[in-house]
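Reproduced below: input_27.cif, with mmCIF, N, CA and C atoms.
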```cif
data_my_file
#
loop_
_atom_site.label_atom_id
_atom_site.label_comp_id
_atom_site.auth_asym_id
_atom_site.auth_seq_id
_atom_site.Cartn_x
_atom_site.Cartn_y
_atom_site.Cartn_z
N MET A 1 -4.96 -28.41 -70.22
CA MET A 1 -4.24 -27.88 -71.37
C MET A 1 -4.40 -26.37 -71.39
N ALA A 2 -3.39 -25.68 -71.81
CA ALA A 2 -3.38 -24.22 -71.80
C ALA A 2 -3.97 -23.60 -73.06
N VAL A 3 -4.46 -24.41 -73.98
CA VAL A 3 -4.99 -23.88 -75.23
C VAL A 3 -6.43 -23.43 -75.02
N LEU A 4 -6.71 -22.19 -75.37
CA LEU A 4 -8.07 -21.66 -75.31
C LEU A 4 -8.65 -21.76 -76.70
N ASP A 5 -9.62 -22.61 -76.91
CA ASP A 5 -10.23 -22.73 -78.23
C ASP A 5 -11.55 -21.98 -78.19
N LEU A 6 -11.54 -20.78 -78.75
CA LEU A 6 -12.67 -19.87 -78.65
C LEU A 6 -13.55 -19.92 -79.89
N ARG A 7 -13.52 -20.99 -80.64
CA ARG A 7 -14.22 -21.04 -81.92
C ARG A 7 -15.73 -20.97 -81.78
N TRP A 8 -16.27 -21.17 -80.61
CA TRP A 8 -17.72 -21.16 -80.45
C TRP A 8 -18.25 -19.80 -80.03
N TRP A 9 -17.41 -18.83 -79.75
CA TRP A 9 -17.88 -17.48 -79.40
C TRP A 9 -18.02 -16.65 -80.65
N ILE A 10 -19.23 -16.26 -80.99
CA ILE A 10 -19.43 -15.44 -82.19
C ILE A 10 -20.72 -14.64 -82.07
N TRP A 11 -20.71 -13.67 -81.17
CA TRP A 11 -21.86 -12.80 -80.97
C TRP A 11 -21.51 -11.39 -81.43
N PRO A 12 -22.50 -10.61 -81.90
CA PRO A 12 -22.21 -9.22 -82.29
C PRO A 12 -21.72 -8.41 -81.09
N CYS A 13 -20.88 -7.42 -81.35
CA CYS A 13 -20.42 -6.56 -80.28
C CYS A 13 -20.31 -5.13 -80.77
N GLU A 14 -20.04 -4.24 -79.86
CA GLU A 14 -19.87 -2.83 -80.20
C GLU A 14 -18.56 -2.64 -80.95
N GLU A 15 -18.43 -1.50 -81.62
CA GLU A 15 -17.18 -1.18 -82.27
C GLU A 15 -16.08 -1.08 -81.22
N LEU A 16 -14.91 -1.63 -81.52
CA LEU A 16 -13.81 -1.65 -80.57
C LEU A 16 -12.93 -0.43 -80.75
N GLU A 17 -12.49 0.13 -79.66
CA GLU A 17 -11.55 1.25 -79.69
C GLU A 17 -10.38 0.88 -78.79
N THR A 18 -9.20 0.93 -79.31
CA THR A 18 -8.01 0.68 -78.51
C THR A 18 -6.84 1.41 -79.13
N ASP A 19 -5.92 1.83 -78.31
CA ASP A 19 -4.75 2.56 -78.80
C ASP A 19 -3.73 1.64 -79.44
N ASN A 20 -3.63 0.42 -78.94
CA ASN A 20 -2.51 -0.44 -79.32
C ASN A 20 -2.84 -1.52 -80.35
N ILE A 21 -4.06 -1.98 -80.43
CA ILE A 21 -4.42 -3.02 -81.38
C ILE A 21 -5.41 -2.44 -82.36
N ASP A 22 -5.12 -2.55 -83.63
CA ASP A 22 -5.96 -1.96 -84.66
C ASP A 22 -7.07 -2.92 -85.07
N TRP A 23 -7.97 -3.19 -84.16
CA TRP A 23 -9.11 -4.06 -84.43
C TRP A 23 -10.36 -3.20 -84.28
N LYS A 24 -10.45 -2.10 -84.98
CA LYS A 24 -11.48 -1.10 -84.74
C LYS A 24 -12.74 -1.32 -85.55
N ARG A 25 -12.76 -2.34 -86.38
CA ARG A 25 -13.92 -2.61 -87.18
C ARG A 25 -14.95 -3.38 -86.36
N LYS A 26 -16.23 -3.22 -86.72
CA LYS A 26 -17.24 -4.02 -86.03
C LYS A 26 -16.93 -5.48 -86.26
N GLY A 27 -17.09 -6.28 -85.22
CA GLY A 27 -16.76 -7.69 -85.35
C GLY A 27 -17.70 -8.54 -84.52
N ASN A 28 -17.13 -9.32 -83.63
CA ASN A 28 -17.92 -10.19 -82.78
C ASN A 28 -17.30 -10.24 -81.39
N LYS A 29 -17.94 -10.93 -80.50
CA LYS A 29 -17.51 -10.96 -79.10
C LYS A 29 -16.09 -11.46 -78.96
N ILE A 30 -15.64 -12.27 -79.87
CA ILE A 30 -14.28 -12.81 -79.78
C ILE A 30 -13.25 -11.68 -79.74
N MET A 31 -13.52 -10.58 -80.43
CA MET A 31 -12.58 -9.44 -80.40
C MET A 31 -12.44 -8.91 -78.98
N ASP A 32 -13.57 -8.74 -78.30
CA ASP A 32 -13.52 -8.29 -76.91
C ASP A 32 -12.72 -9.27 -76.05
N ASP A 33 -12.96 -10.56 -76.27
CA ASP A 33 -12.24 -11.58 -75.50
C ASP A 33 -10.75 -11.55 -75.80
N LEU A 34 -10.39 -11.38 -77.08
CA LEU A 34 -8.97 -11.31 -77.43
C LEU A 34 -8.31 -10.07 -76.86
N LEU A 35 -9.01 -8.95 -76.91
CA LEU A 35 -8.48 -7.73 -76.33
C LEU A 35 -8.24 -7.90 -74.82
N LYS A 36 -9.19 -8.53 -74.16
CA LYS A 36 -9.05 -8.76 -72.73
C LYS A 36 -7.85 -9.66 -72.44
N ILE A 37 -7.71 -10.74 -73.21
CA ILE A 37 -6.58 -11.65 -73.03
C ILE A 37 -5.26 -10.92 -73.29
N ALA A 38 -5.23 -10.11 -74.36
CA ALA A 38 -4.00 -9.37 -74.71
C ALA A 38 -3.64 -8.35 -73.64
N LYS A 39 -4.63 -7.73 -73.03
CA LYS A 39 -4.36 -6.74 -71.99
C LYS A 39 -3.95 -7.37 -70.68
N GLU A 40 -4.46 -8.57 -70.41
CA GLU A 40 -4.20 -9.23 -69.13
C GLU A 40 -2.94 -10.08 -69.13
N ASN A 41 -2.36 -10.30 -70.29
CA ASN A 41 -1.18 -11.16 -70.39
C ASN A 41 -0.09 -10.45 -71.18
N ARG A 42 1.12 -10.58 -70.72
CA ARG A 42 2.24 -9.90 -71.38
C ARG A 42 2.46 -10.41 -72.79
N VAL A 43 2.37 -11.73 -72.98
CA VAL A 43 2.57 -12.35 -74.29
C VAL A 43 1.41 -13.31 -74.56
N VAL A 44 0.89 -13.28 -75.80
CA VAL A 44 -0.21 -14.15 -76.21
C VAL A 44 0.12 -14.71 -77.60
N LEU A 45 -0.13 -16.00 -77.79
CA LEU A 45 0.01 -16.63 -79.10
C LEU A 45 -1.38 -16.89 -79.65
N ILE A 46 -1.61 -16.46 -80.90
CA ILE A 46 -2.89 -16.69 -81.57
C ILE A 46 -2.61 -17.49 -82.84
N GLU A 47 -3.41 -18.52 -83.07
CA GLU A 47 -3.30 -19.29 -84.31
C GLU A 47 -4.64 -19.26 -85.03
N PHE A 48 -4.63 -18.89 -86.31
CA PHE A 48 -5.79 -19.06 -87.17
C PHE A 48 -5.56 -20.36 -87.95
N TYR A 49 -6.57 -21.23 -87.94
CA TYR A 49 -6.47 -22.54 -88.58
C TYR A 49 -7.81 -22.88 -89.23
N ALA A 50 -7.84 -24.02 -89.92
CA ALA A 50 -9.10 -24.57 -90.43
C ALA A 50 -9.06 -26.08 -90.22
N THR A 51 -10.22 -26.64 -89.95
CA THR A 51 -10.29 -28.08 -89.67
C THR A 51 -9.95 -28.92 -90.90
N TRP A 52 -10.15 -28.37 -92.09
CA TRP A 52 -9.91 -29.11 -93.33
C TRP A 52 -8.48 -28.94 -93.85
N CYS A 53 -7.69 -28.07 -93.25
CA CYS A 53 -6.35 -27.72 -93.73
C CYS A 53 -5.31 -28.75 -93.28
N PRO A 54 -4.63 -29.42 -94.22
CA PRO A 54 -3.63 -30.43 -93.83
C PRO A 54 -2.44 -29.82 -93.07
N HIS A 55 -2.03 -28.61 -93.42
CA HIS A 55 -0.92 -27.97 -92.71
C HIS A 55 -1.33 -27.61 -91.28
N CYS A 56 -2.57 -27.20 -91.11
CA CYS A 56 -3.09 -26.89 -89.78
C CYS A 56 -3.15 -28.15 -88.92
N LYS A 57 -3.60 -29.24 -89.53
CA LYS A 57 -3.66 -30.51 -88.80
C LYS A 57 -2.27 -30.94 -88.36
N LYS A 58 -1.29 -30.73 -89.23
CA LYS A 58 0.09 -31.08 -88.90
C LYS A 58 0.61 -30.21 -87.75
N MET A 59 0.13 -28.98 -87.65
CA MET A 59 0.59 -28.07 -86.62
C MET A 59 -0.10 -28.28 -85.26
N THR A 60 -1.21 -29.01 -85.23
CA THR A 60 -1.95 -29.19 -83.98
C THR A 60 -1.07 -29.74 -82.85
N PRO A 61 -0.32 -30.83 -83.06
CA PRO A 61 0.51 -31.31 -81.95
C PRO A 61 1.64 -30.33 -81.59
N VAL A 62 2.12 -29.59 -82.57
CA VAL A 62 3.16 -28.58 -82.31
C VAL A 62 2.61 -27.50 -81.39
N VAL A 63 1.43 -26.99 -81.72
CA VAL A 63 0.81 -25.95 -80.90
C VAL A 63 0.48 -26.50 -79.51
N ASP A 64 0.01 -27.73 -79.45
CA ASP A 64 -0.27 -28.35 -78.15
C ASP A 64 1.00 -28.43 -77.30
N ASP A 65 2.12 -28.83 -77.92
CA ASP A 65 3.39 -28.93 -77.19
C ASP A 65 3.86 -27.55 -76.70
N VAL A 66 3.74 -26.55 -77.56
CA VAL A 66 4.14 -25.19 -77.18
C VAL A 66 3.24 -24.67 -76.07
N ALA A 67 1.95 -24.94 -76.17
CA ALA A 67 1.02 -24.52 -75.12
C ALA A 67 1.38 -25.17 -73.78
N ALA A 68 1.73 -26.45 -73.82
CA ALA A 68 2.12 -27.15 -72.59
C ALA A 68 3.42 -26.57 -72.02
N LEU A 69 4.35 -26.24 -72.90
CA LEU A 69 5.63 -25.68 -72.48
C LEU A 69 5.46 -24.34 -71.76
N PHE A 70 4.53 -23.53 -72.23
CA PHE A 70 4.33 -22.19 -71.67
C PHE A 70 3.07 -22.08 -70.82
N GLU A 71 2.55 -23.22 -70.38
CA GLU A 71 1.33 -23.23 -69.58
C GLU A 71 1.50 -22.34 -68.34
N GLY A 72 0.50 -21.49 -68.12
CA GLY A 72 0.54 -20.59 -66.98
C GLY A 72 1.29 -19.29 -67.26
N GLN A 73 2.00 -19.23 -68.39
CA GLN A 73 2.77 -18.03 -68.74
C GLN A 73 2.21 -17.32 -69.97
N VAL A 74 1.82 -18.10 -70.98
CA VAL A 74 1.39 -17.54 -72.26
C VAL A 74 0.10 -18.23 -72.71
N PRO A 75 -1.00 -17.49 -72.79
CA PRO A 75 -2.22 -18.08 -73.34
C PRO A 75 -2.04 -18.37 -74.83
N VAL A 76 -2.59 -19.48 -75.26
CA VAL A 76 -2.59 -19.86 -76.67
C VAL A 76 -4.05 -19.90 -77.12
N VAL A 77 -4.37 -19.07 -78.10
CA VAL A 77 -5.75 -18.95 -78.59
C VAL A 77 -5.79 -19.49 -80.00
N ARG A 78 -6.65 -20.47 -80.25
CA ARG A 78 -6.79 -21.08 -81.57
C ARG A 78 -8.15 -20.71 -82.13
N LEU A 79 -8.16 -20.12 -83.33
CA LEU A 79 -9.39 -19.64 -83.94
C LEU A 79 -9.60 -20.28 -85.31
N ASP A 80 -10.75 -20.90 -85.49
CA ASP A 80 -11.11 -21.50 -86.77
C ASP A 80 -11.45 -20.37 -87.74
N ILE A 81 -10.68 -20.23 -88.80
CA ILE A 81 -10.83 -19.13 -89.75
C ILE A 81 -12.20 -19.18 -90.46
N ASP A 82 -12.77 -20.36 -90.61
CA ASP A 82 -14.08 -20.48 -91.25
C ASP A 82 -15.18 -19.93 -90.35
N LYS A 83 -14.99 -20.02 -89.06
CA LYS A 83 -15.99 -19.51 -88.12
C LYS A 83 -15.73 -18.07 -87.72
N HIS A 84 -14.52 -17.59 -87.95
CA HIS A 84 -14.15 -16.23 -87.56
C HIS A 84 -13.49 -15.50 -88.72
N SER A 85 -14.12 -15.58 -89.89
CA SER A 85 -13.53 -14.95 -91.08
C SER A 85 -13.48 -13.43 -90.97
N ASP A 86 -14.48 -12.82 -90.34
CA ASP A 86 -14.46 -11.35 -90.16
C ASP A 86 -13.26 -10.92 -89.31
N LEU A 87 -13.01 -11.65 -88.25
CA LEU A 87 -11.86 -11.35 -87.39
C LEU A 87 -10.56 -11.58 -88.15
N ALA A 88 -10.49 -12.66 -88.89
CA ALA A 88 -9.28 -12.94 -89.69
C ALA A 88 -9.04 -11.82 -90.69
N ASP A 89 -10.10 -11.35 -91.34
CA ASP A 89 -9.98 -10.23 -92.28
C ASP A 89 -9.50 -8.97 -91.57
N THR A 90 -10.06 -8.69 -90.41
CA THR A 90 -9.70 -7.51 -89.65
C THR A 90 -8.23 -7.53 -89.26
N ILE A 91 -7.76 -8.68 -88.84
CA ILE A 91 -6.37 -8.83 -88.40
C ILE A 91 -5.43 -9.00 -89.59
N GLY A 92 -5.98 -9.42 -90.73
CA GLY A 92 -5.15 -9.62 -91.92
C GLY A 92 -4.57 -11.01 -92.02
N ALA A 93 -5.23 -11.99 -91.42
CA ALA A 93 -4.81 -13.38 -91.53
C ALA A 93 -5.44 -13.95 -92.79
N THR A 94 -4.69 -13.93 -93.89
CA THR A 94 -5.23 -14.31 -95.19
C THR A 94 -4.89 -15.73 -95.60
N SER A 95 -3.98 -16.38 -94.89
CA SER A 95 -3.65 -17.77 -95.19
C SER A 95 -3.59 -18.54 -93.88
N ILE A 96 -3.60 -19.86 -93.99
CA ILE A 96 -3.60 -20.69 -92.78
C ILE A 96 -2.56 -21.78 -92.91
N PRO A 97 -2.00 -22.19 -91.79
CA PRO A 97 -2.15 -21.56 -90.49
C PRO A 97 -1.41 -20.22 -90.44
N THR A 98 -1.95 -19.31 -89.65
CA THR A 98 -1.26 -18.05 -89.36
C THR A 98 -1.10 -17.94 -87.85
N PHE A 99 0.13 -17.64 -87.46
CA PHE A 99 0.47 -17.48 -86.05
C PHE A 99 0.80 -16.02 -85.79
N LEU A 100 0.28 -15.50 -84.69
CA LEU A 100 0.58 -14.13 -84.28
C LEU A 100 0.99 -14.15 -82.82
N ILE A 101 1.98 -13.35 -82.50
CA ILE A 101 2.35 -13.17 -81.11
C ILE A 101 2.10 -11.70 -80.77
N TYR A 102 1.37 -11.51 -79.68
CA TYR A 102 1.14 -10.17 -79.15
C TYR A 102 1.92 -10.04 -77.86
N LYS A 103 2.60 -8.91 -77.72
CA LYS A 103 3.32 -8.60 -76.49
C LYS A 103 2.88 -7.22 -76.04
N ASP A 104 2.52 -7.12 -74.78
CA ASP A 104 2.09 -5.84 -74.21
C ASP A 104 1.05 -5.19 -75.11
N ASP A 105 0.10 -6.00 -75.58
CA ASP A 105 -1.06 -5.48 -76.31
C ASP A 105 -0.75 -5.07 -77.76
N LYS A 106 0.42 -5.48 -78.29
CA LYS A 106 0.80 -5.12 -79.67
C LYS A 106 1.28 -6.36 -80.42
N GLU A 107 0.94 -6.45 -81.70
CA GLU A 107 1.46 -7.54 -82.52
C GLU A 107 2.95 -7.33 -82.71
N VAL A 108 3.74 -8.37 -82.38
CA VAL A 108 5.19 -8.27 -82.51
C VAL A 108 5.78 -9.30 -83.46
N TRP A 109 4.97 -10.29 -83.86
CA TRP A 109 5.49 -11.34 -84.75
C TRP A 109 4.31 -12.00 -85.45
N ARG A 110 4.54 -12.38 -86.71
CA ARG A 110 3.52 -13.06 -87.51
C ARG A 110 4.22 -14.04 -88.44
N HIS A 111 3.60 -15.22 -88.58
CA HIS A 111 4.13 -16.23 -89.50
C HIS A 111 2.95 -16.98 -90.10
N SER A 112 2.98 -17.17 -91.40
CA SER A 112 1.96 -17.99 -92.07
C SER A 112 2.62 -19.25 -92.59
N GLY A 113 1.93 -20.37 -92.39
CA GLY A 113 2.46 -21.66 -92.82
C GLY A 113 2.98 -22.45 -91.64
N GLU A 114 3.49 -23.62 -91.94
CA GLU A 114 4.03 -24.48 -90.88
C GLU A 114 5.28 -23.85 -90.29
N VAL A 115 5.47 -24.10 -89.01
CA VAL A 115 6.64 -23.58 -88.31
C VAL A 115 7.09 -24.64 -87.30
N ASP A 116 8.38 -24.78 -87.17
CA ASP A 116 8.96 -25.74 -86.23
C ASP A 116 8.64 -25.34 -84.79
N ALA A 117 8.40 -26.33 -83.95
CA ALA A 117 8.07 -26.06 -82.54
C ALA A 117 9.17 -25.27 -81.85
N ASN A 118 10.43 -25.57 -82.17
CA ASN A 118 11.55 -24.86 -81.55
C ASN A 118 11.57 -23.40 -81.95
N VAL A 119 11.23 -23.11 -83.20
CA VAL A 119 11.18 -21.72 -83.67
C VAL A 119 10.05 -20.97 -82.97
N LEU A 120 8.89 -21.60 -82.89
CA LEU A 120 7.74 -20.97 -82.24
C LEU A 120 8.03 -20.72 -80.76
N ALA A 121 8.58 -21.72 -80.08
CA ALA A 121 8.92 -21.58 -78.66
C ALA A 121 9.99 -20.51 -78.47
N SER A 122 10.97 -20.47 -79.36
CA SER A 122 12.03 -19.48 -79.28
C SER A 122 11.49 -18.06 -79.43
N LYS A 123 10.57 -17.86 -80.36
CA LYS A 123 9.97 -16.54 -80.55
C LYS A 123 9.19 -16.12 -79.30
N ILE A 124 8.41 -17.04 -78.76
CA ILE A 124 7.64 -16.72 -77.55
C ILE A 124 8.60 -16.36 -76.42
N ASN A 125 9.65 -17.18 -76.25
CA ASN A 125 10.63 -16.94 -75.21
C ASN A 125 11.31 -15.59 -75.39
N GLN A 126 11.64 -15.26 -76.61
CA GLN A 126 12.27 -13.96 -76.93
C GLN A 126 11.42 -12.81 -76.41
N PHE A 127 10.11 -12.87 -76.63
CA PHE A 127 9.24 -11.78 -76.21
C PHE A 127 8.92 -11.83 -74.72
N LEU A 128 8.98 -13.01 -74.13
CA LEU A 128 8.81 -13.10 -72.67
C LEU A 128 9.99 -12.47 -71.95
N LEU A 129 11.19 -12.63 -72.52
CA LEU A 129 12.40 -12.15 -71.86
C LEU A 129 12.72 -10.70 -72.16
N ASP A 130 12.10 -10.13 -73.20
CA ASP A 130 12.34 -8.72 -73.55
C ASP A 130 11.90 -7.80 -72.44
#
```
Is it possible to express this structure as structure tokens?
Amino acid sequence: MAVLDLRWWIWPCEELETDNIDWKRKGNKIMDDLLKIAKENRVVLIEFYATWCPHCKKMTPVVDDVAALFEGQVPVVRLDIDKHSDLADTIGATSIPTFLIYKDDKEVWRHSGEVDANVLASKINQFLLD
């Protein structure tokens, strides 16, 4: 499966500096990992979710399908907001589920709430083809 579930990485790290992503607050190792993924891949999908959230649970098979559709092309990173609240605050993910697409190291799309698989796939495709 192409889904990277990084919910278990949560170590302190140095302050981040980057020109393109405004994640400059002290955080945890996951920020370094996300920056690396964003720099190494043209398009990245990030989902903030919670295990107790019914809308997030409903979106799990949708995200799995989208991840399978773009396997090898677009990394899909799923982050539990309860375990990564500092990162969610830094990025501004205040509700769940929240989906973000990064292209060329920059946030290009954001959606909070449930989203149809075709819409999500279409957005990813749009940024892959740009």
Task: Nearest residue to Val62 (chain A) from the set A:Asp86, A:Asp33, A:Glu114, A:Glu40 (distances using only C-alpha atoms) - done: A:Glu114
- [ ] Enumerate, as a list of chain:residue names, the complete set of residues in region 95-130 of chain A that a backbone-based DSSP assignment places in strand (DSSP E).
- [x] A:Thr98, A:Phe99, A:Leu100, A:Ile101, A:Tyr102, A:Lys103, A:Lys106, A:Glu107, A:Val108, A:Trp109, A:Arg110, A:His111, A:Ser112
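Here the question is which of A:Lys103, A:Ile37, A:Asp65, A:Ile91 gets nearest to Leu128 (chain A) using all atoms listed in the file, and that residue is A:Lys103.
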TODO: Work out how far atom N of Ile30 (chain A) is from atom C of Arg78 (chain A), in Å to one decimal.
DONE: 11.5 Å
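Proximity to Cys56 (chain A) was assessed for A:Thr90, A:Gln73, A:Asn118, A:Ser95 counting only C-alpha atoms; the smallest distance is recorded for A:Ser95.
Remark: for Leu45 (chain A), the closest of the candidate residues A:Pro97, A:Asp32, A:Val77, A:His111 is A:Val77 (distances computed over only C-alpha atoms).
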- [ ] Quick one: apply the PyMOL selection byres (((chain A and resi 124 and name CA) around 9) and name CA) to the file and drop the selected residues here as a list in words.
- [x] Val43, Val44, Leu45, Phe70, Val74, Ile101, Val119, Leu120, Ala121, Ser122, Lys123, Asn125, Gln126, Phe127, Leu128 and Leu129 of chain A
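Each of A:Asp105, A:Ser85, A:Ala68, A:Asp130 was checked against Lys36 (chain A) using only C-alpha atoms; the smallest atom-to-atom distance is that of A:Asp105.
Nearest to Ile81 (chain A) of all the residues A:Leu34, A:Ala50, A:Ala67, A:Leu100 is A:Ala50, counting all atoms listed in the file.
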TODO: To one decimal in Å, tell me the separation between atom C of Tyr49 (chain A) and atom C of Leu79 (chain A).
DONE: 5.0 Å
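Between CA of Ala38 (chain A) and CA of Tyr102 (chain A) there is a distance of 6.8 Å.
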Task: Expected selection from the PyMOL selection byres (((chain A and resi 55 and name CA) around 8) and name CA), given as number ranges by chain - done: A: 53-54, 56-59, 96-97, 113-114
